[in-house]
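> Structure below; questions to follow.
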Amino acid sequence: MPVAATNSESAMQQVLDNLGSLPNATGAAELDLIFLRGIMESPIVRSLAKAHERLEETKLEAVRDNNLELVQEILRDLAQLAEQSSTAAELARILQEPHFQSLLETHDSVASKTYETPPPSPGLDPTFSNQPVPPDAVRMVGIRKTAGEHLGVTFRVEGGELVIARILHGGMVAQQGLLHVGDIIKEVNGQPVGSDPRALQELLRSASGSVILKILPSYQEPHLPRQVFVKCHFDYDPARDSLIPCKEAGLRFSAGDLLQIVNQDDANWWQACHVEGGSAGLIPSQLLEEKRKAFVKRDLELTPTSGTLCGSLSGKKKKRMMYLTTKNAEFDRHELLIYEEVARMPPFRRKTLVLIGAQGVGRRSLKNKLIMWDPDRYGTTVPYTSRRPKDSEREGQGYSFVSRSEMEADIRAGRYLEHGEYEGNLYGTRIDSIRGVVAAGKVCVLDVNPQAVKVLRTAEFVPYVVFIEAPDFETLRAMNRAALESGVSTKQLTEADLRRTVEESSRIQRGYGHYFDLSLVNTNLERTFRELQAAMEKLRTEPQWVPVSWVY
């Protein structure tokens with residue numbers, strides 16, 4: 001029977017040790033354990049535990065409550081030494097400073113009293129909060145600022161008066177804590193403010209030095225910052241947004257940036273800041289951006305004809321793809337990519353590594369090099385086919401052979417990640433074969449159709465998605481020429497083939513870029529392989545941002 005820990009440090013270590021045995025227990029999800037271990041090992045939690053222990057053990061008490069008398073005695077003794085020693089004279093001067101005397105007086109006052117936990121306050125009369133604010137409840141708030149410095153506050157007109165609509169998290173006003181949402185601004189430096197929010201913003205922006213605001217307080221409780229993090233899937237520049245209430249208060253970001261959402265009270269404008277730091281700013285909410293993007297032409301839509309508001313879907317023939325995913329991605333064309341909620345996880349190993357890219361960019365070469373480099377750590381699936389095995393082929397070496405009827409039944413049952421037909425025979429990747437590689441303790445390396453990423457991007461497979469981007473046309477042609485001269489390749493690509501590869505790479509990036517964890521331009525196979533190795537090693541040592549659905 002385990003012995004109870006004698007202090008918080010050993011108790012936490014005991015919990016961490018016990019976590020190691022939980023994966024074998026029923027109901028213990030691997031990602032949950034990783035998340036819990038990350039919390040337990042974080043410096044903040046350990047510091048809180050130590051602080052709690054110290055507070056439990058030690059009761060803070062003042063040594064004495066008559067320090068003013070003590071200082072007077074010291075000054076009498078110093079009076080004899082002050083004429084002979086400059087140090088003694090300086091000490092006497094410091095002890096007689098008004099600020100130092102006030103500090104000692106405050107200390108003695110606090111030390112002489114006994115502070116007990118106050119009893120709970122009786123319930124307030126519910127009608128109290130409905131009472132009108134008396135006319136003499138105005139407050140004067142002083143702010144010091146430089147010209148051009150934004151206060152981090154926006155206004156709205158309410159009943160003919162200017163009211164604080166929002167206070168940006170991390171801004172000057174939020175840090176001072178003197179103003180609150182709902183406060184009515186009456187005057188600035190003794191001048192009435194009128195009812196124009198833009199005029200007030202310009203007045204405050206250009207003011208410098210001491211700015212005195214006369215306000216009617218709202219007495220609303222401020223909201224604590226939320227711990228919501230999102231990955232952005234579009235670029236945003238507030239300077240080009242005609243709808244934002246205050247361009248200077250906007251927060252600029254790019255696709256792929258990570259933001260912390262600190263306030264969502266406004267249905268159209270959220271407050272957010274970059275996770276790397278900095279002040280908060282306004283960003284369009286999910287609802288507002290969905291409304292705007294609903295009227296933007298998608299890549300696969302026709303240009304609207306004259307007199308119509310919305311175009312119809314393209315009638316052009318699509319190039320027939322060999323592989324089809326289990327869950328058709330037709331609706332991906334209409335998916336609005338705005339924000340994706342994410343969570344920060346401690347370092348952990350992904351279960352799958354997914355390489356996607358256009359045909360001929362080197363995905364298969366990178367996959368094979370990675371498996372040959374560390375076969376104990378990386379593995380891949382064996383594809384299934386309905387064709388008959390050749391005399392030199394054996395089951396499980398190159399292909400797994402099944403009957404066509406069996407394969408068709410499994411396809412209908414959704415057991416294949418992707419499948420296709422070539423020369424009358426079916427080929428495909430079974431989802432169970434991926435699970436088999438993961439169960440063997442290896443990272444399953446896959447080079448699949450981009451549509452398959454949506455199926456794999458779940459808490460079961462936790463993929464690390466790497467996009468192998470095609471270089472520009474001239475570089476790609478030079479690489480093909482070098483491969484032919486060295487004997488690595490025997491197929492000479494035409495200009496049409498090369499342009500098709502570059503165009504397909506661009507289409508994949510536009511349509512599936514929001515799924516990428518890493519993009520590598522393959523201009524040199526060895527260099528790209530080293531970059532891929534480094535990225536996989538980094539996953540084992542650095543925290544990772546993953547979709548929140550993988551964690552909760």
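Residues are named by chain letter and number: chains run A, B, ... in the order of the structure tokens, numbers start at 1 in each chain, and ligands are numbered from 1 in the order shown.
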Got a sec to tell me which of region 191-225 of chain A DSSP assigns to strand (DSSP E or B), as a list in words?
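Restricting region 191-225 of chain A to strand (DSSP E or B) produces Gln191, Pro192, Gly209, Ser210, Val211, Ile212, Leu213, Lys214, Ile215 and Leu216 of chain A.
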> Could the residues in this selection be written to a file with N, CA and C atoms, as a CSV table (one decimal), in the first residue's frame?

chain,number,residue,atom,x,y,z
A,191,GLN,N,-13.8,69.9,-21.7
A,191,GLN,CA,-14.6,70.2,-22.9
A,191,GLN,C,-15.7,69.1,-23.1
A,192,PRO,N,-16.9,69.4,-23.3
A,192,PRO,CA,-18.0,68.4,-23.6
A,192,PRO,C,-17.6,67.6,-24.9
A,209,GLY,N,0.3,64.2,-22.9
A,209,GLY,CA,0.4,64.6,-21.5
A,209,GLY,C,-0.7,64.1,-20.7
A,210,SER,N,-1.2,64.9,-19.8
A,210,SER,CA,-2.3,64.5,-18.9
A,210,SER,C,-3.6,64.7,-19.5
A,211,VAL,N,-4.5,63.7,-19.6
A,211,VAL,CA,-5.8,63.7,-20.2
A,211,VAL,C,-6.8,63.4,-19.0
A,212,ILE,N,-7.7,64.4,-18.7
A,212,ILE,CA,-8.7,64.2,-17.7
A,212,ILE,C,-10.0,63.9,-18.3
A,213,LEU,N,-10.6,62.8,-17.9
A,213,LEU,CA,-11.9,62.4,-18.4
A,213,LEU,C,-13.0,62.5,-17.3
A,214,LYS,N,-14.1,63.1,-17.6
A,214,LYS,CA,-15.2,63.2,-16.7
A,214,LYS,C,-16.2,62.1,-17.1
A,215,ILE,N,-16.5,61.2,-16.3
A,215,ILE,CA,-17.3,60.0,-16.6
A,215,ILE,C,-18.5,59.8,-15.6
A,216,LEU,N,-19.5,59.1,-16.1
A,216,LEU,CA,-20.5,58.5,-15.3
A,216,LEU,C,-20.3,57.0,-15.2
> Using only C-alpha atoms, which protein or nucleic acid residues come within 12 Å of region 363-379 of chain A? Drop anything in the same chain fewer than 2 positions from it, and give the result as a VMD selection string.
chain A and resid 349 to 361 381 to 382 433 to 449 466 to 470 488 to 489 520 to 522 524 to 534 536 to 537
> Skip Ala207 (chain A) itself and residues of its chain fewer than 5 positions away, then list as a PyMOL selection string all residues within 12 Å of it, counting only C-alpha atoms.
chain A and resi 143-151+188-189+200-202+212-213
> How would the residues just chosen look if you wrote them out with C-alpha atoms as a PDB file, in the first residue's frame?

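Output saved as out_6.pdb:
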ATOM      1  CA  ILE A 143      -4.575  59.326 -18.003  1.00  0.00           C
ATOM      2  CA  ARG A 144      -1.059  60.156 -19.211  1.00  0.00           C
ATOM      3  CA  LYS A 145      -0.298  59.451 -22.870  1.00  0.00           C
ATOM      4  CA  THR A 146       1.755  60.566 -25.836  1.00  0.00           C
ATOM      5  CA  ALA A 147       0.323  61.981 -29.059  1.00  0.00           C
ATOM      6  CA  GLY A 148      -0.729  59.235 -31.492  1.00  0.00           C
ATOM      7  CA  GLU A 149      -0.857  56.554 -28.773  1.00  0.00           C
ATOM      8  CA  HIS A 150      -4.078  54.518 -28.891  1.00  0.00           C
ATOM      9  CA  LEU A 151      -5.895  54.052 -25.578  1.00  0.00           C
ATOM     10  CA  VAL A 188     -12.294  65.507 -21.979  1.00  0.00           C
ATOM     11  CA  ASN A 189     -10.017  68.114 -20.346  1.00  0.00           C
ATOM     12  CA  LEU A 200     -13.786  61.592 -29.682  1.00  0.00           C
ATOM     13  CA  GLN A 201     -11.345  58.953 -30.971  1.00  0.00           C
ATOM     14  CA  GLU A 202      -9.403  61.597 -32.917  1.00  0.00           C
ATOM     15  CA  ILE A 212      -8.662  64.230 -17.663  1.00  0.00           C
ATOM     16  CA  LEU A 213     -11.928  62.390 -18.406  1.00  0.00           C
TER      17      LEU A 213
END
> Please provide the set of residues having any atom within 12 Å of Ile185 (chain A), restricted to only C-alpha atoms, with same-chain residues fewer than 2 positions apart removed, written as an mmCIF file with N, CA and C atoms, in the first residue's frame.

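Ended up saving to result03.cif:
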data_model
loop_
_atom_site.group_PDB
_atom_site.id
_atom_site.type_symbol
_atom_site.label_atom_id
_atom_site.label_comp_id
_atom_site.auth_asym_id
_atom_site.auth_seq_id
_atom_site.Cartn_x
_atom_site.Cartn_y
_atom_site.Cartn_z
ATOM 1 N N VAL A 138 -20.480 61.374 -10.673
ATOM 2 C CA VAL A 138 -19.451 61.493 -11.705
ATOM 3 C C VAL A 138 -18.073 61.299 -11.089
ATOM 4 N N ARG A 139 -17.170 60.812 -11.947
ATOM 5 C CA ARG A 139 -15.785 60.606 -11.514
ATOM 6 C C ARG A 139 -14.856 61.298 -12.487
ATOM 7 N N MET A 140 -13.698 61.708 -11.976
ATOM 8 C CA MET A 140 -12.651 62.294 -12.807
ATOM 9 C C MET A 140 -11.530 61.258 -12.897
ATOM 10 N N VAL A 141 -11.170 60.886 -14.122
ATOM 11 C CA VAL A 141 -10.134 59.884 -14.353
ATOM 12 C C VAL A 141 -8.991 60.522 -15.126
ATOM 13 N N VAL A 153 -9.573 51.562 -26.596
ATOM 14 C CA VAL A 153 -10.973 51.652 -26.190
ATOM 15 C C VAL A 153 -11.776 52.151 -27.393
ATOM 16 N N THR A 154 -13.010 51.656 -27.531
ATOM 17 C CA THR A 154 -13.913 52.132 -28.581
ATOM 18 C C THR A 154 -15.214 52.604 -27.940
ATOM 19 N N PHE A 155 -15.984 53.396 -28.713
ATOM 20 C CA PHE A 155 -17.188 54.018 -28.168
ATOM 21 C C PHE A 155 -18.397 53.751 -29.051
ATOM 22 N N ARG A 156 -19.573 53.897 -28.460
ATOM 23 C CA ARG A 156 -20.836 53.819 -29.198
ATOM 24 C C ARG A 156 -21.750 54.928 -28.690
ATOM 25 N N VAL A 157 -22.740 55.257 -29.493
ATOM 26 C CA VAL A 157 -23.717 56.283 -29.100
ATOM 27 C C VAL A 157 -24.918 55.588 -28.478
ATOM 28 N N GLU A 158 -25.295 56.031 -27.304
ATOM 29 C CA GLU A 158 -26.422 55.426 -26.593
ATOM 30 C C GLU A 158 -27.191 56.544 -25.898
ATOM 31 N N GLY A 160 -27.950 59.377 -27.086
ATOM 32 C CA GLY A 160 -27.357 60.669 -27.379
ATOM 33 C C GLY A 160 -26.047 60.931 -26.675
ATOM 34 N N GLU A 161 -25.528 59.956 -25.929
ATOM 35 C CA GLU A 161 -24.268 60.129 -25.204
ATOM 36 C C GLU A 161 -23.263 59.073 -25.654
ATOM 37 N N LEU A 162 -21.968 59.362 -25.459
ATOM 38 C CA LEU A 162 -20.898 58.451 -25.851
ATOM 39 C C LEU A 162 -20.584 57.499 -24.698
ATOM 40 N N VAL A 163 -20.722 56.220 -25.002
ATOM 41 C CA VAL A 163 -20.538 55.182 -23.997
ATOM 42 C C VAL A 163 -19.371 54.287 -24.432
ATOM 43 N N ILE A 164 -18.572 53.819 -23.475
ATOM 44 C CA ILE A 164 -17.466 52.906 -23.796
ATOM 45 C C ILE A 164 -18.057 51.576 -24.249
ATOM 46 N N ALA A 165 -17.794 51.205 -25.506
ATOM 47 C CA ALA A 165 -18.347 49.966 -26.064
ATOM 48 C C ALA A 165 -17.490 48.762 -25.718
ATOM 49 N N LEU A 179 -11.289 52.681 -16.198
ATOM 50 C CA LEU A 179 -12.508 52.797 -16.993
ATOM 51 C C LEU A 179 -13.095 51.418 -17.228
ATOM 52 N N HIS A 180 -14.422 51.369 -17.460
ATOM 53 C CA HIS A 180 -15.105 50.097 -17.648
ATOM 54 C C HIS A 180 -16.118 50.216 -18.780
ATOM 55 N N VAL A 181 -16.439 49.065 -19.363
ATOM 56 C CA VAL A 181 -17.451 49.043 -20.412
ATOM 57 C C VAL A 181 -18.776 49.575 -19.850
ATOM 58 N N GLY A 182 -19.411 50.474 -20.585
ATOM 59 C CA GLY A 182 -20.666 51.069 -20.135
ATOM 60 C C GLY A 182 -20.498 52.434 -19.517
ATOM 61 N N ASP A 183 -19.263 52.840 -19.164
ATOM 62 C CA ASP A 183 -19.039 54.187 -18.618
ATOM 63 C C ASP A 183 -19.402 55.230 -19.673
ATOM 64 N N GLU A 187 -16.854 64.594 -20.473
ATOM 65 C CA GLU A 187 -15.945 65.670 -20.863
ATOM 66 C C GLU A 187 -14.526 65.112 -21.014
ATOM 67 N N VAL A 188 -13.723 65.776 -21.854
ATOM 68 C CA VAL A 188 -12.294 65.507 -21.979
ATOM 69 C C VAL A 188 -11.561 66.822 -21.766
ATOM 70 N N ASN A 189 -10.760 66.883 -20.704
ATOM 71 C CA ASN A 189 -10.017 68.114 -20.346
ATOM 72 C C ASN A 189 -10.951 69.317 -20.243
ATOM 73 N N GLY A 190 -12.138 69.067 -19.637
ATOM 74 C CA GLY A 190 -13.081 70.154 -19.387
ATOM 75 C C GLY A 190 -13.964 70.513 -20.545
ATOM 76 N N GLN A 191 -13.814 69.860 -21.717
ATOM 77 C CA GLN A 191 -14.623 70.173 -22.888
ATOM 78 C C GLN A 191 -15.667 69.080 -23.111
ATOM 79 N N PRO A 192 -16.937 69.438 -23.339
ATOM 80 C CA PRO A 192 -17.965 68.415 -23.633
ATOM 81 C C PRO A 192 -17.581 67.631 -24.877
ATOM 82 N N VAL A 193 -17.926 66.348 -24.901
ATOM 83 C CA VAL A 193 -17.474 65.475 -25.985
ATOM 84 C C VAL A 193 -18.465 65.382 -27.130
ATOM 85 N N GLY A 194 -19.696 65.812 -26.960
ATOM 86 C CA GLY A 194 -20.674 65.707 -28.037
ATOM 87 C C GLY A 194 -21.153 64.271 -28.198
ATOM 88 N N SER A 195 -21.516 63.899 -29.440
ATOM 89 C CA SER A 195 -22.069 62.558 -29.664
ATOM 90 C C SER A 195 -21.475 61.885 -30.903
ATOM 91 N N ASP A 196 -20.258 62.280 -31.291
ATOM 92 C CA ASP A 196 -19.603 61.694 -32.464
ATOM 93 C C ASP A 196 -18.437 60.824 -32.000
ATOM 94 N N PRO A 197 -18.541 59.461 -32.099
ATOM 95 C CA PRO A 197 -17.456 58.585 -31.637
ATOM 96 C C PRO A 197 -16.145 58.832 -32.372
ATOM 97 N N LEU A 200 -14.388 61.874 -30.984
ATOM 98 C CA LEU A 200 -13.786 61.592 -29.682
ATOM 99 C C LEU A 200 -12.517 60.765 -29.835
ATOM 100 N N GLN A 201 -12.540 59.767 -30.739
ATOM 101 C CA GLN A 201 -11.345 58.953 -30.971
ATOM 102 C C GLN A 201 -10.191 59.829 -31.454
ATOM 103 N N LEU A 204 -8.838 62.007 -28.551
ATOM 104 C CA LEU A 204 -8.006 61.248 -27.610
ATOM 105 C C LEU A 204 -6.690 60.823 -28.246
ATOM 106 N N ILE A 212 -7.684 64.384 -18.747
ATOM 107 C CA ILE A 212 -8.662 64.230 -17.663
ATOM 108 C C ILE A 212 -10.029 63.937 -18.284
ATOM 109 N N LEU A 213 -10.608 62.787 -17.916
ATOM 110 C CA LEU A 213 -11.928 62.390 -18.406
ATOM 111 C C LEU A 213 -12.957 62.528 -17.282
ATOM 112 N N LYS A 214 -14.072 63.119 -17.612
ATOM 113 C CA LYS A 214 -15.198 63.175 -16.685
ATOM 114 C C LYS A 214 -16.196 62.120 -17.131
ATOM 115 N N ILE A 215 -16.506 61.161 -16.258
ATOM 116 C CA ILE A 215 -17.341 60.027 -16.645
ATOM 117 C C ILE A 215 -18.460 59.787 -15.650
ATOM 118 N N LEU A 216 -19.503 59.110 -16.130
ATOM 119 C CA LEU A 216 -20.533 58.529 -15.269
ATOM 120 C C LEU A 216 -20.277 57.028 -15.241
ATOM 121 N N PRO A 217 -19.862 56.474 -14.113
ATOM 122 C CA PRO A 217 -19.490 55.056 -14.062
ATOM 123 C C PRO A 217 -20.683 54.144 -14.302
ATOM 124 N N SER A 218 -20.399 52.973 -14.883
ATOM 125 C CA SER A 218 -21.457 51.989 -15.133
ATOM 126 C C SER A 218 -21.519 50.945 -14.031
#
> Looking at A:Ala79, A:Leu68, A:Cys246, A:Ile39, which one is nearest to Ser109 (chain A), with distances taken over only C-alpha atoms?
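The shortest atom-to-atom distance to Ser109 (chain A) comes from A:Leu68.
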> Near Leu70 (chain A), counting only C-alpha atoms, which residues have an atom at most 12 Å away, once you skip same-chain residues fewer than 6 positions from it, shown as an mmCIF file with C-alpha atoms, in the first residue's frame?

data_model
loop_
_atom_site.group_PDB
_atom_site.id
_atom_site.type_symbol
_atom_site.label_atom_id
_atom_site.label_comp_id
_atom_site.auth_asym_id
_atom_site.auth_seq_id
_atom_site.Cartn_x
_atom_site.Cartn_y
_atom_site.Cartn_z
ATOM 1 C CA ARG A 64 6.676 44.275 16.216
ATOM 2 C CA ARG A 76 18.889 59.669 18.985
ATOM 3 C CA ASP A 77 21.863 57.299 18.805
ATOM 4 C CA LEU A 95 14.936 57.653 8.345
ATOM 5 C CA GLN A 101 7.856 57.686 8.178
ATOM 6 C CA LEU A 104 6.428 52.752 9.092
ATOM 7 C CA GLU A 105 3.228 54.325 10.393
ATOM 8 C CA ASP A 108 2.507 49.653 12.640
#
> With a distance cut-off of 7 Å and only C-alpha atoms, select the neighbouring residues of Tyr416 (chain A), excluding the residue or stretch itself and same-chain residues fewer than 5 positions from it, and output the selection as a list of chain:residue names.
A:Thr326, A:Asp410, A:Ile411, A:Gly428, A:Thr429, A:Arg430, A:Ile431
